[in-house]
Every structure is written in C-alpha cells, then in structure tokens.
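Undergrad: I am attaching a structure below and will ask some questions about it afterwards.
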Amino acid sequence: MPQDIVVIGAGVVGISIAAELIRHGHKVRVLDRTGVAAETSQGNAGAFAFTDVMPLAAPGIMRKAPKWLLDPLGPLSIPPRYALQIAPWMLRFWRASWRDRHDASVAAQSALMDLSKAALERQIASTDGEHLIQRDGQLQLYEGEAQFRESLPGWELRGRYGIKYDLLRTPEEIAEIQPGLDRRFTHAGFTPDWINTTDPKAWTRHLAQSFQAAGGEILQCDIKSISSTTSQVELTHAGGTITADKVVLAAGAWSHHLARTLGDRIPLETERGYNTTLPAGAFDVRTHLTFGAHGFVVSRINGGVRVGGAVELGGLTLPPNYKRAEVLLEKASRFLPGLDTSGGTQWMGYRPSIPDTLPVIGSSPKTDNVIYAFGHGHLGLTQSAATAEIVRDMIAGTKGAISLSPYRADRF
Ligand SMILES: Cc1cc2nc3c(=O)[nH]c(=O)nc-3n(C[C@H](O)[C@H](O)[C@H](O)COP(=O)(O)OP(=O)(O)OC[C@H]3O[C@@H](n4cnc5c(N)ncnc54)[C@H](O)[C@@H]3O)c2cc1C
C-alpha cells in the first residue's frame with residue numbers, strides 16, 4: 001500500500017532510497033539541511049568497491065595501529081583533543097577485530113556486496129545512468145614480495161566469496177593495465193569487476209533528478225528531533241513540525257544525533273578523509289589505483305585525477321587539517337612520476353562509521369515506523385543501491401534477498 005514517507009538526508013544513500021521508494025508508488029519527500037550531495041557524497045573517490053569485503057576491524061589491526069598513530073600525518077590518526085571521546089568506539093572496534101566477529105563481518109559484508117552489485121545495475125538501468133559509469137576495474141598495488149605475500153590470504157578469502165581477481169607479479173604486467181607507475185610496485189591484484197562513477201556528485205544529482213522527475217520533493221530543512229506515535233512519526237525543525245507514516249533516517253555521519261532524540265544510542269563516529277582533485281590532463285589514470293599500505297587511492301574523476309584517503313578519527317567539529325591532503329598528493333607524485341600536481345582542489349569529508357565496519361540498516365528499536373540507513377563508512381556509494389532495495393522491502397513487508405540481522409540497529 002502506498003505510504004507517506006520522509007527521508008532525512010540527501011546524500012547518495014538517502015537519494016537512492018527516495019528514488020527506489022517513489023518508483024514503488026510511495027509519496028516521498030527528502031529533507032536535507034543543505035541540499036543534494038552537499039556533504040560526504042559529493043567528494044568521495046567515486047568507487048563502487050564491490051570487492052572490498054574485508055572489514056577495517058581485522059585481526060592484528062590493533063598491533064599495527066600504534067605504528068601508524070606515531071606519524072601524525074600517517075594513514076590513521078587521532079587528534080589528541082579527540083582521543084578521549086573516541087575511546088569507547090575504539091574499544092568496540094577492537095572487539096570487532098577478533099577472529100569470530102571478523103569472519104562474521106566478512107560474510108555479512110560479502111552478502112551485502114553481492115546485492116549491491118546487482119542493485120547498482122538495476123539502478124543504472126532504471127535511471128538511464130550508464131553515461132556516468134566507468135568500468136575499468138581496480139589495481140591493488142604492493143611494494144615487493146613480502147607485502148604481496150602478506151596480502152595472499154585476503155585474496156584467497158575474496159576468491160571463496162566468488163570475487164574475480166588476477167595476481168600480477170612484475171612491473172611489466174602491471175604496466176599493461178596502468179602505465180607510468182613507479183617500479184617500486186612489483187606486484188598487484190587486479191579486480192576487473194570494480195566499477196567507478198565519473199563523478200560521485202553528478203551521480204547523486206542524477207539520481208535526484210530521476211526522483212524529482214517521478215514527482216518526488218526535495219526540501220531544505222534542518223531536522224532537530226524525531227518522535228513517534230503508534231501510527232505516525234513527527235519531525236521537528238525551526239519552523240514547526242512535519243509528520244509522515246514512515247521516516248527513513250539517512251543523515252550520514254550526523255544520524256546518531258537524530259537517533260538519540262528517539263532514544264536510540266548508536267555507536268557512530270566519523271572517519272574523516274581527505275583528497276585533492278586535479279584537473280583533466282594531470283595523469284592518464286586507466287583504472288582505480290589503491291595504495292593500501294599508504295591508505296590512499298587515485299581515481300579518475302571527470303577526466304581529472306582525485307588523490308585521496310586517510311582516516312582521521314577526529315569527530316564532526318574540529319577544523320580540517322589539509323596537510324593530510326598535501327601528504328597524500330606528495331606520495332602520489334612519487335608513485336606516479338608523471339603526475340602534474342598543479343591546480344588541485346582540496347576537500348575533507350566525514351565517513352559515517354560503525355565499529356564493526358557494517359552499516360545500520362533496520363528499524364529503530366523504539367518503533368518500526370523509523371528506519372535507519374546509515375553508517376556505511378568507506379562504502380556508502382558502493383552500498384547505496386542495495387540499501388535502497390532493502391529499505392523498499394522492509395516498507396513493503398516482503399522478505400528481502402539477504403538476512404538483515406548483521407545490520408540491525410540493536411546489535412551493539
Ligand atoms: C575521502 C573519502 C573517500 C571515499 N571514497 C568512497 C568510495 O570510493 N566509494 C564509496 O562507496 N564510498 C566512499 N566514501 C564514503 C562515502 O562517501 C560515504 O559513505 C557516503 O557518501 C555516505 O553517504 P550518506 O548519504 O550516508 O551521507 P552524506 O552524503 O553525508 O549525506 C548526509 C546528508 O544528511 C544531511 N543531514 C545531516 N543532518 C541533518 C539534519 N539534522 N537535518 C537534515 N539533514 C541533515 C546532510 O546535510 C547530508 O546532505 C568516501 C569517503 C571519503 C571521506
């Protein structure tokens with residue numbers, strides 16, 4: 001039965017959900033305090049990273065972390081001013097890295113990725129979006145035999161989940177896929193099924209246009225609280241209240257603040273990430289390049305080059321430290337000696353992250369009329385189409401393609 005549904009958040013997750021719900025006959029409004037793709041969804045690396053099934057919380061991570069943390073501009077950092085606040089989240093992260101939980105997370109992530117891949121193809125087809133898609137695969141690069149060997153169990157595990165990959169063992173083999181890399185990269189794993197968008201902001205706007213063309217409304221509105229009766233949900237904002245049959249909360253890294261007003265405590269923190277986007281002609285990027293040991297990637301965006309990554313566990317209010325973007329760019333210029341680093345634009349975004357690396361997709365423990373869809377961390381673009389289909393099935397009351405228990409809001 002058609003329902004009156006409000007989606008809070010016009011990032012790629014909220015807009016994907018809204019577009020899917022309106023396609024299935026519901027009345028849908030999207031509320032965002034800023035606008036479409038105004039936050040994290042505008043500046044990410046643009047990858048549909050379907051092969052990225054290994055959670056960050058992995059066995060041994062807490063042994064490696066102190067080494068990374070010693071370098072204040074390294075791939076992982078915690079600003080001293082935020083160390084105390086992040087401690088409870090880190091404790092959950094550590095527990096999630098134990099072997100039993102890690103293996104369960106890989107299984108849950110793989111199931112969600114399989115659905116994400118299929119759902120993205122349906123989304124591309126239903127919105128006529130192929131012109132914003134690049135199908136060039138991904139190279140995961142290693143410096144030397146030892147680093148490569150260390151990666152092999154991860155590749156074997158991916159293989160067990162049906163992920164296609166080729167292992168490359170010489171710089172010459174790598175150069176056939178991506179010329180111009182420094183020869184320190186002696187080994188690589190290539191995943192041909194990896195997909196990128198030409199521009200994550202344009203992609204989200206494209207989905208928003210498709211939603212609006214179907215009659216959907218996008219309104220500027222800063223929601224302050226959520227409350228619910230048995231039949232309706234009420235949202236408050238500076239100008240009054242808005243009611244709906246159902247509300248989907250997809251407010252990215254800010255979602256836990258609104259969930260709290262309903263009485264739910266969700267361990268959501270932000271992993272801040274940085275990048276620099278260089279104009280067209282900066283380098284001939286032929287595939288998505290992942291420099292895993294250095295915590296950054298290089299992707300082709302609008303014909304230009306985006307160099308970005310890093311994890312800064314620094315919350316939502318500390319000012320950005322753009323030295324991180326500079327360090328990544330400097331490294332990229334060493335790894336891609338022909339890279340023209342001039343004319344770049346820097347950016348910082350807030351990955352919405354849950355300690356076990358899985359998103360929250362499910363009803364609020366307080367009411368079935370509020371559905372949570374946030375916390376996708378490094379994978380919000382990748383998993384947006386699948387999240388939309390899951391929310392659609394929840395609202396329809398039909399059994400979806402995968403078990404939803406790993407993503408429940410009350411799992412903590
Ligand atoms: C450097 C970097 C690189 C990344 N690369 C990738 C990648 O290659 N692939 C990938 O899959 N993911 C990537 N990610 C992660 C991805 O960008 C995020 O997971 C995703 O954008 C989250 O989308 P979202 O819709 O949940 O949140 P957002 O895009 O942040 O949207 C949330 C929206 O909610 C609104 N909002 C918040 N509070 C309120 C309120 N109270 N009232 C009204 N509106 C509100 C905000 O204005 C915002 O527009 C990357 C992230 C970073 C930082």
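Residue numbering restarts at 1 in every chain; chains get A, B, ... in the order shown in the structure tokens, and ligands count up from 1 in that same order.
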Where in segment 104-217 of chain A does DSSP assign strand (DSSP E), given as a list of chain:residue names?
TA: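 After running DSSP on the backbone, segment 104-217 of chain A has strand (DSSP E) at A:Ile133, A:Gln134, A:Gln138, A:Leu139, A:Gln140, A:Leu141, A:Tyr142, A:Asp166, A:Leu167, A:Leu168, A:His187, A:Ala188, A:Gly189, A:Phe190, A:Thr191, A:Ile195, A:Asn196, A:Thr197, A:Glu217.
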Undergrad: Would you write out, as JSON lines, a table of all residues in chain A that have an atom no more than 7 Å from an atom of ligand 1, listing for each the closest atom pair and the distance in Å to one decimal, considering only C-alpha atoms and all ligand atoms and ordering rows by chain and rising residue number?
TA:
```
{"residue": "A:Ile8", "atom": "CA", "partner": "ligand 1", "partner_atom_place_in_ligand_line": "44 (N)", "distance": 5.6}
{"residue": "A:Gly9", "atom": "CA", "partner": "ligand 1", "partner_atom_place_in_ligand_line": "34 (O)", "distance": 3.5}
{"residue": "A:Ala10", "atom": "CA", "partner": "ligand 1", "partner_atom_place_in_ligand_line": "49 (O)", "distance": 4.8}
{"residue": "A:Gly11", "atom": "CA", "partner": "ligand 1", "partner_atom_place_in_ligand_line": "25 (O)", "distance": 3.3}
{"residue": "A:Val12", "atom": "CA", "partner": "ligand 1", "partner_atom_place_in_ligand_line": "25 (O)", "distance": 4.3}
{"residue": "A:Val13", "atom": "CA", "partner": "ligand 1", "partner_atom_place_in_ligand_line": "25 (O)", "distance": 3.8}
{"residue": "A:Gly14", "atom": "CA", "partner": "ligand 1", "partner_atom_place_in_ligand_line": "25 (O)", "distance": 5.3}
{"residue": "A:Leu31", "atom": "CA", "partner": "ligand 1", "partner_atom_place_in_ligand_line": "43 (C)", "distance": 5.6}
{"residue": "A:Asp32", "atom": "CA", "partner": "ligand 1", "partner_atom_place_in_ligand_line": "44 (N)", "distance": 3.6}
{"residue": "A:Arg33", "atom": "CA", "partner": "ligand 1", "partner_atom_place_in_ligand_line": "43 (C)", "distance": 4.1}
{"residue": "A:Thr34", "atom": "CA", "partner": "ligand 1", "partner_atom_place_in_ligand_line": "47 (O)", "distance": 4.9}
{"residue": "A:Gly35", "atom": "CA", "partner": "ligand 1", "partner_atom_place_in_ligand_line": "49 (O)", "distance": 5.9}
{"residue": "A:Val36", "atom": "CA", "partner": "ligand 1", "partner_atom_place_in_ligand_line": "49 (O)", "distance": 6.1}
{"residue": "A:Ala37", "atom": "CA", "partner": "ligand 1", "partner_atom_place_in_ligand_line": "49 (O)", "distance": 5.5}
{"residue": "A:Ala38", "atom": "CA", "partner": "ligand 1", "partner_atom_place_in_ligand_line": "49 (O)", "distance": 4.8}
{"residue": "A:Glu39", "atom": "CA", "partner": "ligand 1", "partner_atom_place_in_ligand_line": "30 (O)", "distance": 4.5}
{"residue": "A:Thr40", "atom": "CA", "partner": "ligand 1", "partner_atom_place_in_ligand_line": "29 (O)", "distance": 4.0}
{"residue": "A:Ser41", "atom": "CA", "partner": "ligand 1", "partner_atom_place_in_ligand_line": "21 (O)", "distance": 3.3}
{"residue": "A:Gln42", "atom": "CA", "partner": "ligand 1", "partner_atom_place_in_ligand_line": "29 (O)", "distance": 6.7}
{"residue": "A:Gly43", "atom": "CA", "partner": "ligand 1", "partner_atom_place_in_ligand_line": "2 (C)", "distance": 6.7}
{"residue": "A:Asn44", "atom": "CA", "partner": "ligand 1", "partner_atom_place_in_ligand_line": "4 (C)", "distance": 3.7}
{"residue": "A:Ala45", "atom": "CA", "partner": "ligand 1", "partner_atom_place_in_ligand_line": "8 (O)", "distance": 3.7}
{"residue": "A:Gly46", "atom": "CA", "partner": "ligand 1", "partner_atom_place_in_ligand_line": "8 (O)", "distance": 4.2}
{"residue": "A:Ala47", "atom": "CA", "partner": "ligand 1", "partner_atom_place_in_ligand_line": "8 (O)", "distance": 3.6}
{"residue": "A:Phe48", "atom": "CA", "partner": "ligand 1", "partner_atom_place_in_ligand_line": "11 (O)", "distance": 5.4}
{"residue": "A:Ala49", "atom": "CA", "partner": "ligand 1", "partner_atom_place_in_ligand_line": "9 (N)", "distance": 6.0}
{"residue": "A:Cys221", "atom": "CA", "partner": "ligand 1", "partner_atom_place_in_ligand_line": "43 (C)", "distance": 5.6}
{"residue": "A:Asp222", "atom": "CA", "partner": "ligand 1", "partner_atom_place_in_ligand_line": "42 (N)", "distance": 3.8}
{"residue": "A:Ile223", "atom": "CA", "partner": "ligand 1", "partner_atom_place_in_ligand_line": "42 (N)", "distance": 3.9}
{"residue": "A:Lys224", "atom": "CA", "partner": "ligand 1", "partner_atom_place_in_ligand_line": "41 (N)", "distance": 5.6}
{"residue": "A:Ala250", "atom": "CA", "partner": "ligand 1", "partner_atom_place_in_ligand_line": "26 (O)", "distance": 5.6}
{"residue": "A:Ala251", "atom": "CA", "partner": "ligand 1", "partner_atom_place_in_ligand_line": "34 (O)", "distance": 3.4}
{"residue": "A:Gly252", "atom": "CA", "partner": "ligand 1", "partner_atom_place_in_ligand_line": "27 (O)", "distance": 3.4}
{"residue": "A:Ala253", "atom": "CA", "partner": "ligand 1", "partner_atom_place_in_ligand_line": "30 (O)", "distance": 5.9}
{"residue": "A:Trp254", "atom": "CA", "partner": "ligand 1", "partner_atom_place_in_ligand_line": "38 (N)", "distance": 4.9}
{"residue": "A:Ser255", "atom": "CA", "partner": "ligand 1", "partner_atom_place_in_ligand_line": "38 (N)", "distance": 6.3}
{"residue": "A:Leu258", "atom": "CA", "partner": "ligand 1", "partner_atom_place_in_ligand_line": "41 (N)", "distance": 6.6}
{"residue": "A:Arg272", "atom": "CA", "partner": "ligand 1", "partner_atom_place_in_ligand_line": "53 (C)", "distance": 5.6}
{"residue": "A:Gly273", "atom": "CA", "partner": "ligand 1", "partner_atom_place_in_ligand_line": "1 (C)", "distance": 4.0}
{"residue": "A:Tyr274", "atom": "CA", "partner": "ligand 1", "partner_atom_place_in_ligand_line": "1 (C)", "distance": 4.7}
{"residue": "A:Asn275", "atom": "CA", "partner": "ligand 1", "partner_atom_place_in_ligand_line": "1 (C)", "distance": 5.7}
{"residue": "A:Gly308", "atom": "CA", "partner": "ligand 1", "partner_atom_place_in_ligand_line": "1 (C)", "distance": 5.4}
{"residue": "A:Gly309", "atom": "CA", "partner": "ligand 1", "partner_atom_place_in_ligand_line": "1 (C)", "distance": 4.8}
{"residue": "A:Met348", "atom": "CA", "partner": "ligand 1", "partner_atom_place_in_ligand_line": "53 (C)", "distance": 6.3}
{"residue": "A:Gly349", "atom": "CA", "partner": "ligand 1", "partner_atom_place_in_ligand_line": "53 (C)", "distance": 4.0}
{"residue": "A:Tyr350", "atom": "CA", "partner": "ligand 1", "partner_atom_place_in_ligand_line": "53 (C)", "distance": 5.1}
{"residue": "A:Arg351", "atom": "CA", "partner": "ligand 1", "partner_atom_place_in_ligand_line": "53 (C)", "distance": 4.9}
{"residue": "A:Pro352", "atom": "CA", "partner": "ligand 1", "partner_atom_place_in_ligand_line": "19 (O)", "distance": 6.0}
{"residue": "A:Phe374", "atom": "CA", "partner": "ligand 1", "partner_atom_place_in_ligand_line": "26 (O)", "distance": 5.2}
{"residue": "A:Gly375", "atom": "CA", "partner": "ligand 1", "partner_atom_place_in_ligand_line": "26 (O)", "distance": 6.5}
{"residue": "A:His376", "atom": "CA", "partner": "ligand 1", "partner_atom_place_in_ligand_line": "19 (O)", "distance": 4.8}
{"residue": "A:Gly377", "atom": "CA", "partner": "ligand 1", "partner_atom_place_in_ligand_line": "19 (O)", "distance": 4.6}
{"residue": "A:His378", "atom": "CA", "partner": "ligand 1", "partner_atom_place_in_ligand_line": "15 (C)", "distance": 4.0}
{"residue": "A:Leu379", "atom": "CA", "partner": "ligand 1", "partner_atom_place_in_ligand_line": "11 (O)", "distance": 3.3}
{"residue": "A:Gly380", "atom": "CA", "partner": "ligand 1", "partner_atom_place_in_ligand_line": "19 (O)", "distance": 3.1}
{"residue": "A:Leu381", "atom": "CA", "partner": "ligand 1", "partner_atom_place_in_ligand_line": "11 (O)", "distance": 3.4}
{"residue": "A:Thr382", "atom": "CA", "partner": "ligand 1", "partner_atom_place_in_ligand_line": "11 (O)", "distance": 3.7}
{"residue": "A:Gln383", "atom": "CA", "partner": "ligand 1", "partner_atom_place_in_ligand_line": "11 (O)", "distance": 6.4}
```
Undergrad: Return the single residue from A:Ile78, A:Ile195, A:Leu70, A:Leu91 that is closest to Asp136 of chain A, with distances computed using only C-alpha atoms.
TA: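 Going through A:Ile78, A:Ile195, A:Leu70, A:Leu91 one by one, the smallest distance to Asp136 of chain A is for A:Ile195.
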Undergrad: Would you please give, as a list in words, all residues of segment 254-354 of chain A that DSSP assigns to helix (DSSP H, G or I) based on the backbone?
TA: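 Selecting the helix (DSSP H, G or I) positions of segment 254-354 of chain A gives Trp254, Ser255, His256, His257, Leu258, Ala259, Arg260, Thr261, Gly292, Ala293, His294, Lys323, Arg324, Ala325, Glu326, Val327, Leu328, Leu329, Glu330, Lys331, Ala332, Ser333, Arg334 and Phe335 of chain A.
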Undergrad: Neighbours of segment 186-190 of chain A within 9 Å (only C-alpha atoms; same-chain residues fewer than 6 positions away dropped), as a PyMOL selection string?
TA: chain A and resi 137-145+147-148+155+164-174+177
Undergrad: For Thr387 of chain A, please output as a list in words all residues within 10 Å (counting only C-alpha atoms; exclusion window: fewer than 2 positions along the same chain).
TA: Val13, Gly14, Ser16, Ile17, Glu20, Leu112, Leu115, Ser116, Ala119, Pro359, Val360, Ile361, Gly362, Ala373, Phe374, His376, Gly380, Thr382, Gln383, Ser384, Ala385, Glu389, Ile390, Val391, Arg392 and Asp393 of chain A
Undergrad: Neighbouring residues of Ala83 of chain A were defined as those with any atom within 10 Å, considering only C-alpha atoms; residues of the same chain fewer than 5 positions away were excluded. Please report them as a PyMOL selection string.
TA: chain A and resi 77-78+88+90+313-315
Undergrad: Mind writing the picked residues with C-alpha atoms as a PDB file, in the first residue's frame?
TA:
```
ATOM      1  CA  SER A  77      45.385   9.475  13.092  1.00  0.00           C
ATOM      2  CA  ILE A  78      43.546  10.574  16.208  1.00  0.00           C
ATOM      3  CA  PRO A  88      34.505   3.823  23.655  1.00  0.00           C
ATOM      4  CA  MET A  90      37.781   2.196  19.644  1.00  0.00           C
ATOM      5  CA  LEU A 313      39.182   9.863  13.901  1.00  0.00           C
ATOM      6  CA  GLY A 314      38.508  13.488  14.722  1.00  0.00           C
ATOM      7  CA  GLY A 315      34.740  13.931  15.149  1.00  0.00           C
TER       8      GLY A 315
END
```
Undergrad: Contacts of Pro406 of chain A at 10 Å or less, counting only C-alpha atoms, minus same-chain residues fewer than 2 places along, as a list in words?
TA: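 Counting only C-alpha atoms, the residues come to Ala104, Ser105, Ala107, Ala108, Gln109, Asp356, Leu358, Pro359, Val360, Ile361, Gly362, Ser403, Leu404, Arg408, Ala409, Asp410 and Arg411 of chain A.
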Undergrad: Need to verify the contact set: Lys331 of chain A, 12 Å, only C-alpha atoms, exclusion of same-chain residues closer than 4 positions in sequence. Can you return it as a list in words?
TA: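 Result of the neighbour search: Leu73, Gly74, Pro75, Asp182, Phe291, Ala293, His294, Gly295, Phe296, Val297, Val298, Val307, Gly308, Gly309, Arg324, Ala325, Glu326, Val327, Phe335, Leu336, Pro337, Leu339 and Thr341 of chain A.
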Undergrad: Could you check which of A:Pro153, A:Pro192, A:Gly162, A:Pro365 is closest to Arg135 of chain A, using only C-alpha atoms?
TA: A:Pro192
Undergrad: Of the candidates A:Leu76, A:Leu21, A:Ile86, A:Ala401, which shows the shortest atom-to-atom distance to Ala310 of chain A, using only C-alpha atoms?
TA: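 Ranked by minimum distance to Ala310 of chain A, first place goes to A:Leu76.
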